[in-house]
Structures are given as structure tokens and as C-alpha cells.
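K.L.:
Here it is: the structure, laid out below.
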Amino acid sequence: MGYPHQPHAKETVVLSQYFGDPEARTYQGWVKRGGYAALRTALARKPAEIVEIVKESGLRGRGGAGFPTGLKWSFMPKEKSKPHYLCCNADESEPGTFKDREIMRWTPHGLIEACAIAQYAIQAEVTYIYIRGEFTEPLAIMQRALDEAYREGVLGANAMGTGKRLDMYLHRGAGAYICGEETALMNSIEGRRGNPRIRPPFPAAVGVFGMPTTINNVETLAAVPHILNRGAAWYKSLCLSNPKSTGTKLFSVCGHVRRPGNYEVTMGFPLKDLLYDLCGGMRGGRTLKACIPGGSSVPILNREETESCLLDYEGCATQGTMLGSGGVIVFDDSADMVYQIMRLARFYAHESCAQCTQCREGTAWVTKILQRILAGDGHQKDLDLLLDLSEQMTGKTICVLSDSCAAPVVSGIRKFRQEFEAYLTGARRPAGAGVAV
Ligand SMILES: Cc1cc2nc3c(=O)[nH]c(=O)nc-3n(C[C@H](O)[C@H](O)[C@H](O)COP(=O)(O)O)c2cc1C
């Protein structure tokens, strides 16, 4: 099976080097490509040294929040009176994001190696790789690679002949967006309902099974073997803009571009170049209207902001949005932003775990108001009501699912108000038959 995308000269190919190369999926193929050398190096060093190298590299979390990875690892207790755990977050349910599944599909041994290094660095006995239930192909590929890794002695009681124990399990989720939230993920592994937990205590103190736990995203972990092989200074040097954002990042681009797909670029790459150059611009010669750069949970950018945005944590913040998970959703001038925002709100209403009132009621209420506007039954005061509701949904709940629903609503009304008003004044006809509201 081939991979549809051939790397462009402007891409920086690190994590995606072996996408499309089926031989890299096997243990022998992975070793032939230099695989498991980083794990061997790691196991010969002290865990604290690995944590320092990762800190030095500047690697930050690719799951959404951008927290410094080495610093997160350093929060794990140094004494070993209790078992420690690593959870690899492979839930990847954020709309617009489709990169972790590709890492698992093409470089399963790369992820196993990465988890094994992280596990050793935080002195954990076990890694749980929590995979979204619908990922049937990545699941089968990961299971095959895991079985091979045990057979070849990479994992198990005597990992790589070092006498150290490294165990790893795949845990299949049931396809709930909320289970990607780290504390809901831990509840789900324990066999409970995937409800987020109140923090503190933080997972490094009380995590899965009540034990110290680190949770990292697939893409975050996948960078670690490269950092060990090529050095923290090399990783740090991969930076086009702000020194606080280092390395490469996979961007999943979907929507109205000519060539949607995953693109790996250096941090700080211009969003404009990603869309117009790598992705070939808008389909059918249309013009860009809006873009969500970090998965559906982050504020929407208008055209001017999109064309000025640099793709790193700080560059996105400058434009009032976030890098998030790197799911880039593109809208051309044919998009009905009221409808698009309603679709996002409906997703969050469906996926709310319903623990917090602001989220349970807020996501559903916002969706109903947007549907009413689209049906031509909106009131003039609905926009203020939506903004007021969104404010009540932000910063007040156990996790940020509620905030994630509010972000596109608030930014959408602020930047595309005239489209909402067109429905309210009757200048735009209600979404008719065939448009599912
Ligand atoms: C509702 C919700 C869903 C999330 N879904 C995911 C997900 O699918 N994958 C992921 O890696 N992180 C997800 N996160 C972020 C995780 O809680 C956590 O921050 C992340 O896994 C930490 O890894 P990192 O430091 O390597 O980024 C989600 C957060 C929220 C609030």
C-alpha cells in the first residue's frame, strides 16, 4: 500500500521519513533503518540523563497543550516506593487531526521504541498505548509490531539483554472524544466511565491505578528516538521563528485545499506557505475565507490572520489562536461559517461527558441556538446570548471540552458576524432541504 503524498522540498522529513515504506513496519526493516539504536543508547544511560536531554531539546507536547516534555517527565517521583506508568495517548479524536494514526500505521516500531525510552526515563514498569477504537488498521499493525518486539527481546523481562524489565500493552478505546483527555483516558484504562478527573492531584502524583503516571501524545513520543540519535542541539536547531518552539511538526490539512494530507515542517513555518505552496492553494481557483490551525478546539482565523500566521506555539498565540494538535481545517469563500460553527458545536454537544453543568447544558444550548439561526428562526439577541453563554462555558469546568466548544463560536461571531446577521435579517435564506442542521 502506497502513501499518496511525496515529500516536498520545503518539508523537513523526520517523523514521516518512512511513511509509505512498508518494510519499515517490520522489526528487521526497522533495525535496518537504524531502529532501536536509540533505545540501546538510552538503556546504557541513567534515566535522569535522558530526561535532561529531552528538556534540553525544547520538545513540547504535540497533543494540544504544548507542555514541555522533559519538564513533565521530571515531575515523576524519583524514589520508587510505588509502580510508575506511562500512557501513550493514541486516541486522536480531535476533528481535523489525522497524524498519530499515520505514525502508527507506518512506523509502529518507532513508536514502541519511543515509548520504551520514555518508560525507562520516568522509571515506569509498564506503558499503556491507548488507541481510539475505530483505528482498526493501526491497531492491527501496532499489535503485530508489539508481538515482534517481545519475540525479538526488545521488550519483556530482559529488554535488549540489559536485565531491565519493559512491558507494553495496547488498550483499545471505544471511540469517545473525551477519552483523549488525559484523566478520562486513565479512568478508561481502569475500566471506568471516561470522565475527566479534578486536578490536583496531577497524574505525576496520582495517575492510573492511583500511581505516578506520565501521559504523552504519540507524535511527542515519536520525536524522542531522533533526539537521542542526533542530539538535543540538532533538535533545537530545527526552528524557523521562536526558540521556544523547536523540532518538526506534522500538520494534517483538510478542507478546501487542492492537496489535503499530512505535511511535516519545521516549527515556525508560515501557514500561508503550507496552504498555498505545499497544499496547492484553494480548490477550483476559489479564495481562502478562514482557517482553524490547531484542530477544531482552537479559535478560527480569518484570511488576513491565516496569511500572517507562523506555525509554532507563539506564532499562533500572536494571531489569537493555538497550535493545538496541528489539525488545519481550511474554508474557502463558498463556506457557510454559521453552518460550519454549528457542526462543530454539535460535535462537542454529542461528546460532552455531561459531568459539568456549563458543558452539558452549554454545548447543547449553543447548538440549538445555532440551528435556530440556520433555520431562519433566530432572534436579534441570539448573538449576545451565544457570546454570554460561551463566556460561562470558558474556564469553569473540569476539563476544557466546554472551552473548546466556545472558542470557534466566539471567534466565529467576532470575525464573521455579517454572516450570522444575514440569517437574522432574512438577507440569507434558511439552510434548506439537504442541509442537515
Ligand atoms: C477533550 C479533550 C480531548 C483530548 N484529546 C486528545 C487526543 O485525542 N490525543 C492527545 O494526544 N491529546 C488529547 N488531549 C490532550 C491530553 O489531555 C493531554 O494534554 C496530552 O495527551 C498530553 O500529551 P503531550 O504533553 O505529549 O501533548 C485532549 C484534551 C481534551 C481536553
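Residues in the C-alpha cells are numbered from 1 in each chain, the chains being A, B, ... in the order shown, and ligands are numbered from 1 in the order shown.
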Residues at most 8 Å from range 108-122 of chain A, counting only C-alpha atoms, excluding those fewer than 5 positions away in the same chain, as a PyMOL selection string?

P.N.:
chain A and resi 25-27+30+35-36+38-39+42-43+46-48+50-51+73-74+76+84-86+88+103+127+141-142+145-146+149+166+214+218+221-225

K.L.:
Could you turn the residues from that selection into a file that holds N, CA and C atoms, as an mmCIF file, in the first residue's frame?

P.N.:
```
data_model
loop_
_atom_site.group_PDB
_atom_site.id
_atom_site.type_symbol
_atom_site.label_atom_id
_atom_site.label_comp_id
_atom_site.auth_asym_id
_atom_site.auth_seq_id
_atom_site.Cartn_x
_atom_site.Cartn_y
_atom_site.Cartn_z
ATOM 1 N N ARG A 25 7.816 -1.239 8.579
ATOM 2 C CA ARG A 25 6.857 -1.707 9.591
ATOM 3 C C ARG A 25 7.337 -2.943 10.338
ATOM 4 N N THR A 26 8.262 -3.669 9.736
ATOM 5 C CA THR A 26 8.698 -4.927 10.353
ATOM 6 C C THR A 26 9.890 -4.672 11.273
ATOM 7 N N TYR A 27 10.105 -5.598 12.191
ATOM 8 C CA TYR A 27 11.245 -5.457 13.110
ATOM 9 C C TYR A 27 12.559 -5.382 12.332
ATOM 10 N N TRP A 30 12.906 -2.185 10.458
ATOM 11 C CA TRP A 30 13.145 -1.043 11.355
ATOM 12 C C TRP A 30 14.613 -1.021 11.809
ATOM 13 N N GLY A 35 16.757 1.568 13.466
ATOM 14 C CA GLY A 35 15.812 1.485 14.578
ATOM 15 C C GLY A 35 16.374 0.724 15.776
ATOM 16 N N TYR A 36 15.898 1.079 16.942
ATOM 17 C CA TYR A 36 16.245 0.515 18.255
ATOM 18 C C TYR A 36 17.656 0.864 18.709
ATOM 19 N N ALA A 38 18.541 3.969 19.367
ATOM 20 C CA ALA A 38 18.310 4.985 20.399
ATOM 21 C C ALA A 38 17.916 4.333 21.717
ATOM 22 N N LEU A 39 17.126 3.252 21.640
ATOM 23 C CA LEU A 39 16.726 2.564 22.878
ATOM 24 C C LEU A 39 17.961 1.931 23.538
ATOM 25 N N ALA A 42 19.796 4.609 25.223
ATOM 26 C CA ALA A 42 19.073 5.064 26.419
ATOM 27 C C ALA A 42 19.287 4.115 27.587
ATOM 28 N N LEU A 43 19.162 2.807 27.313
ATOM 29 C CA LEU A 43 19.250 1.826 28.401
ATOM 30 C C LEU A 43 20.653 1.776 29.016
ATOM 31 N N LYS A 46 21.725 6.736 32.508
ATOM 32 C CA LYS A 46 20.849 6.851 33.683
ATOM 33 C C LYS A 46 19.534 7.515 33.237
ATOM 34 N N PRO A 47 18.401 7.111 33.812
ATOM 35 C CA PRO A 47 17.121 7.730 33.420
ATOM 36 C C PRO A 47 17.153 9.255 33.480
ATOM 37 N N ALA A 48 17.777 9.806 34.524
ATOM 38 C CA ALA A 48 17.784 11.270 34.677
ATOM 39 C C ALA A 48 18.516 11.951 33.521
ATOM 40 N N ILE A 50 18.465 11.000 30.399
ATOM 41 C CA ILE A 50 17.541 11.063 29.244
ATOM 42 C C ILE A 50 16.571 12.230 29.437
ATOM 43 N N VAL A 51 16.091 12.378 30.669
ATOM 44 C CA VAL A 51 15.152 13.476 30.954
ATOM 45 C C VAL A 51 15.841 14.808 30.631
ATOM 46 N N TRP A 73 8.270 15.001 32.432
ATOM 47 C CA TRP A 73 8.896 13.756 32.903
ATOM 48 C C TRP A 73 9.568 13.971 34.267
ATOM 49 N N SER A 74 10.125 15.182 34.457
ATOM 50 C CA SER A 74 10.870 15.430 35.705
ATOM 51 C C SER A 74 9.939 15.531 36.910
ATOM 52 N N MET A 76 7.862 13.282 37.742
ATOM 53 C CA MET A 76 7.641 11.936 38.290
ATOM 54 C C MET A 76 8.520 11.761 39.531
ATOM 55 N N HIS A 84 5.344 2.973 38.617
ATOM 56 C CA HIS A 84 5.112 4.133 37.749
ATOM 57 C C HIS A 84 4.546 3.641 36.416
ATOM 58 N N TYR A 85 3.779 4.509 35.760
ATOM 59 C CA TYR A 85 3.202 4.140 34.453
ATOM 60 C C TYR A 85 3.412 5.239 33.415
ATOM 61 N N LEU A 86 3.528 4.783 32.166
ATOM 62 C CA LEU A 86 3.487 5.713 31.023
ATOM 63 C C LEU A 86 2.223 5.401 30.234
ATOM 64 N N CYS A 88 0.589 6.303 26.568
ATOM 65 C CA CYS A 88 0.769 6.949 25.273
ATOM 66 C C CYS A 88 -0.623 7.252 24.724
ATOM 67 N N ILE A 103 1.574 7.739 12.017
ATOM 68 C CA ILE A 103 2.806 7.316 12.715
ATOM 69 C C ILE A 103 2.666 5.843 13.091
ATOM 70 N N THR A 127 3.979 0.513 29.906
ATOM 71 C CA THR A 127 3.353 1.542 29.055
ATOM 72 C C THR A 127 2.007 1.011 28.587
ATOM 73 N N ILE A 141 -1.666 -3.245 13.121
ATOM 74 C CA ILE A 141 -0.235 -3.041 12.820
ATOM 75 C C ILE A 141 0.564 -2.901 14.118
ATOM 76 N N MET A 142 0.027 -2.146 15.059
ATOM 77 C CA MET A 142 0.726 -1.967 16.344
ATOM 78 C C MET A 142 0.820 -3.289 17.101
ATOM 79 N N ALA A 145 3.519 -5.455 15.590
ATOM 80 C CA ALA A 145 4.853 -4.944 15.931
ATOM 81 C C ALA A 145 5.187 -5.219 17.396
ATOM 82 N N LEU A 146 4.179 -5.082 18.253
ATOM 83 C CA LEU A 146 4.402 -5.335 19.681
ATOM 84 C C LEU A 146 4.758 -6.806 19.909
ATOM 85 N N ALA A 149 8.267 -7.243 18.851
ATOM 86 C CA ALA A 149 9.216 -6.639 19.801
ATOM 87 C C ALA A 149 9.430 -7.549 21.008
ATOM 88 N N LEU A 166 10.765 -4.165 30.654
ATOM 89 C CA LEU A 166 9.923 -3.172 29.972
ATOM 90 C C LEU A 166 8.702 -3.891 29.419
ATOM 91 N N THR A 214 2.793 9.374 33.674
ATOM 92 C CA THR A 214 3.019 10.416 32.665
ATOM 93 C C THR A 214 2.188 10.066 31.443
ATOM 94 N N VAL A 218 1.255 10.585 20.925
ATOM 95 C CA VAL A 218 2.042 9.739 20.011
ATOM 96 C C VAL A 218 3.164 10.534 19.334
ATOM 97 N N LEU A 221 6.056 11.586 21.645
ATOM 98 C CA LEU A 221 6.964 10.473 21.963
ATOM 99 C C LEU A 221 7.792 10.083 20.744
ATOM 100 N N ALA A 222 7.166 10.101 19.563
ATOM 101 C CA ALA A 222 7.859 9.654 18.347
ATOM 102 C C ALA A 222 9.102 10.482 18.052
ATOM 103 N N ALA A 223 9.173 11.707 18.579
ATOM 104 C CA ALA A 223 10.352 12.553 18.333
ATOM 105 C C ALA A 223 11.551 12.124 19.187
ATOM 106 N N VAL A 224 11.283 11.417 20.286
ATOM 107 C CA VAL A 224 12.341 11.163 21.272
ATOM 108 C C VAL A 224 13.515 10.324 20.729
ATOM 109 N N PRO A 225 13.288 9.207 20.014
ATOM 110 C CA PRO A 225 14.450 8.463 19.500
ATOM 111 C C PRO A 225 15.333 9.315 18.589
#
```

K.L.:
Chain A near ligand 1 within 8 Å: what's each residue's closest atom pair and its distance in Å to one decimal, counting only C-alpha atoms and all ligand atoms, ordered by chain then ascending residue number, as JSON lines?

P.N.:
```
{"residue": "A:Arg60", "atom": "CA", "partner": "ligand 1", "partner_atom_place_in_ligand_line": "25 (O)", "distance": 6.6}
{"residue": "A:Gly61", "atom": "CA", "partner": "ligand 1", "partner_atom_place_in_ligand_line": "27 (O)", "distance": 3.2}
{"residue": "A:Arg62", "atom": "CA", "partner": "ligand 1", "partner_atom_place_in_ligand_line": "27 (O)", "distance": 4.2}
{"residue": "A:Gly63", "atom": "CA", "partner": "ligand 1", "partner_atom_place_in_ligand_line": "27 (O)", "distance": 3.3}
{"residue": "A:Gly64", "atom": "CA", "partner": "ligand 1", "partner_atom_place_in_ligand_line": "15 (C)", "distance": 5.3}
{"residue": "A:Ala65", "atom": "CA", "partner": "ligand 1", "partner_atom_place_in_ligand_line": "19 (O)", "distance": 5.5}
{"residue": "A:Gly66", "atom": "CA", "partner": "ligand 1", "partner_atom_place_in_ligand_line": "27 (O)", "distance": 5.7}
{"residue": "A:Phe67", "atom": "CA", "partner": "ligand 1", "partner_atom_place_in_ligand_line": "25 (O)", "distance": 5.3}
{"residue": "A:Pro68", "atom": "CA", "partner": "ligand 1", "partner_atom_place_in_ligand_line": "25 (O)", "distance": 7.1}
{"residue": "A:Thr69", "atom": "CA", "partner": "ligand 1", "partner_atom_place_in_ligand_line": "25 (O)", "distance": 6.1}
{"residue": "A:Lys72", "atom": "CA", "partner": "ligand 1", "partner_atom_place_in_ligand_line": "25 (O)", "distance": 7.6}
{"residue": "A:Cys88", "atom": "CA", "partner": "ligand 1", "partner_atom_place_in_ligand_line": "21 (O)", "distance": 7.5}
{"residue": "A:Asn89", "atom": "CA", "partner": "ligand 1", "partner_atom_place_in_ligand_line": "11 (O)", "distance": 4.7}
{"residue": "A:Ala90", "atom": "CA", "partner": "ligand 1", "partner_atom_place_in_ligand_line": "9 (N)", "distance": 5.9}
{"residue": "A:Asp91", "atom": "CA", "partner": "ligand 1", "partner_atom_place_in_ligand_line": "8 (O)", "distance": 4.2}
{"residue": "A:Glu92", "atom": "CA", "partner": "ligand 1", "partner_atom_place_in_ligand_line": "8 (O)", "distance": 3.4}
{"residue": "A:Ser93", "atom": "CA", "partner": "ligand 1", "partner_atom_place_in_ligand_line": "8 (O)", "distance": 4.5}
{"residue": "A:Glu94", "atom": "CA", "partner": "ligand 1", "partner_atom_place_in_ligand_line": "8 (O)", "distance": 5.7}
{"residue": "A:Tyr177", "atom": "CA", "partner": "ligand 1", "partner_atom_place_in_ligand_line": "3 (C)", "distance": 5.8}
{"residue": "A:Ile178", "atom": "CA", "partner": "ligand 1", "partner_atom_place_in_ligand_line": "1 (C)", "distance": 4.7}
{"residue": "A:Cys179", "atom": "CA", "partner": "ligand 1", "partner_atom_place_in_ligand_line": "3 (C)", "distance": 6.6}
{"residue": "A:Gly180", "atom": "CA", "partner": "ligand 1", "partner_atom_place_in_ligand_line": "5 (N)", "distance": 3.4}
{"residue": "A:Glu181", "atom": "CA", "partner": "ligand 1", "partner_atom_place_in_ligand_line": "17 (O)", "distance": 3.6}
{"residue": "A:Glu182", "atom": "CA", "partner": "ligand 1", "partner_atom_place_in_ligand_line": "17 (O)", "distance": 3.9}
{"residue": "A:Thr183", "atom": "CA", "partner": "ligand 1", "partner_atom_place_in_ligand_line": "17 (O)", "distance": 7.0}
{"residue": "A:Ile215", "atom": "CA", "partner": "ligand 1", "partner_atom_place_in_ligand_line": "22 (C)", "distance": 5.5}
{"residue": "A:Asn216", "atom": "CA", "partner": "ligand 1", "partner_atom_place_in_ligand_line": "26 (O)", "distance": 3.4}
{"residue": "A:Asn217", "atom": "CA", "partner": "ligand 1", "partner_atom_place_in_ligand_line": "11 (O)", "distance": 3.8}
{"residue": "A:Val218", "atom": "CA", "partner": "ligand 1", "partner_atom_place_in_ligand_line": "11 (O)", "distance": 6.5}
{"residue": "A:Glu219", "atom": "CA", "partner": "ligand 1", "partner_atom_place_in_ligand_line": "26 (O)", "distance": 7.3}
{"residue": "A:Thr220", "atom": "CA", "partner": "ligand 1", "partner_atom_place_in_ligand_line": "26 (O)", "distance": 4.8}
{"residue": "A:Leu221", "atom": "CA", "partner": "ligand 1", "partner_atom_place_in_ligand_line": "26 (O)", "distance": 6.9}
{"residue": "A:Ser325", "atom": "CA", "partner": "ligand 1", "partner_atom_place_in_ligand_line": "10 (C)", "distance": 7.5}
{"residue": "A:Cys399", "atom": "CA", "partner": "ligand 1", "partner_atom_place_in_ligand_line": "31 (C)", "distance": 5.3}
{"residue": "A:Val400", "atom": "CA", "partner": "ligand 1", "partner_atom_place_in_ligand_line": "31 (C)", "distance": 4.6}
{"residue": "A:Leu401", "atom": "CA", "partner": "ligand 1", "partner_atom_place_in_ligand_line": "1 (C)", "distance": 4.5}
{"residue": "A:Ser404", "atom": "CA", "partner": "ligand 1", "partner_atom_place_in_ligand_line": "1 (C)", "distance": 7.7}
```

K.L.:
Can you tell me, as JSON, numbers by chain, what residues are no more than 10 Å from Tyr276 in chain A when counting only C-alpha atoms, ignoring any on the same chain fewer than 5 positions away?

P.N.:
{"A": [257, 258, 259, 271, 281, 282, 288, 307]}

K.L.:
Would you please work out which residue, of A:Arg417, A:Arg283, A:Lys272, A:Lys381, is nearest to Pro260 in chain A when using only C-alpha atoms?

P.N.:
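Selected residue with least distance to Pro260 in chain A: A:Arg283.
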
K.L.:
Of the candidates A:Leu185, A:Leu301, A:Ala317, A:Ala140, which one gets nearest to Val208 in chain A if we count only C-alpha atoms?

P.N.:
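Between A:Leu185, A:Leu301, A:Ala317, A:Ala140, the residue approaching Val208 in chain A most closely is A:Leu185.
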
K.L.:
To test your reading of the structure, identify every residue in range 39-105 of chain A that backbone DSSP assigns to alpha helix (DSSP H), and report it as a PyMOL selection string.

P.N.:
chain A and resi 39-43+47-57+69-74+100-105

K.L.:
Would you return as a list in words the members of range 122-223 of chain A that DSSP assigns to strand (DSSP E) on this structure's backbone?

P.N.:
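Restricting range 122-223 of chain A to strand (DSSP E) produces Val126, Thr127, Tyr128, Ile129, Tyr130, Ile131, Asp167, Met168, Tyr169, Leu170, His171, Arg172, Thr213, Thr214, Ile215, Asn216 and Asn217 of chain A.
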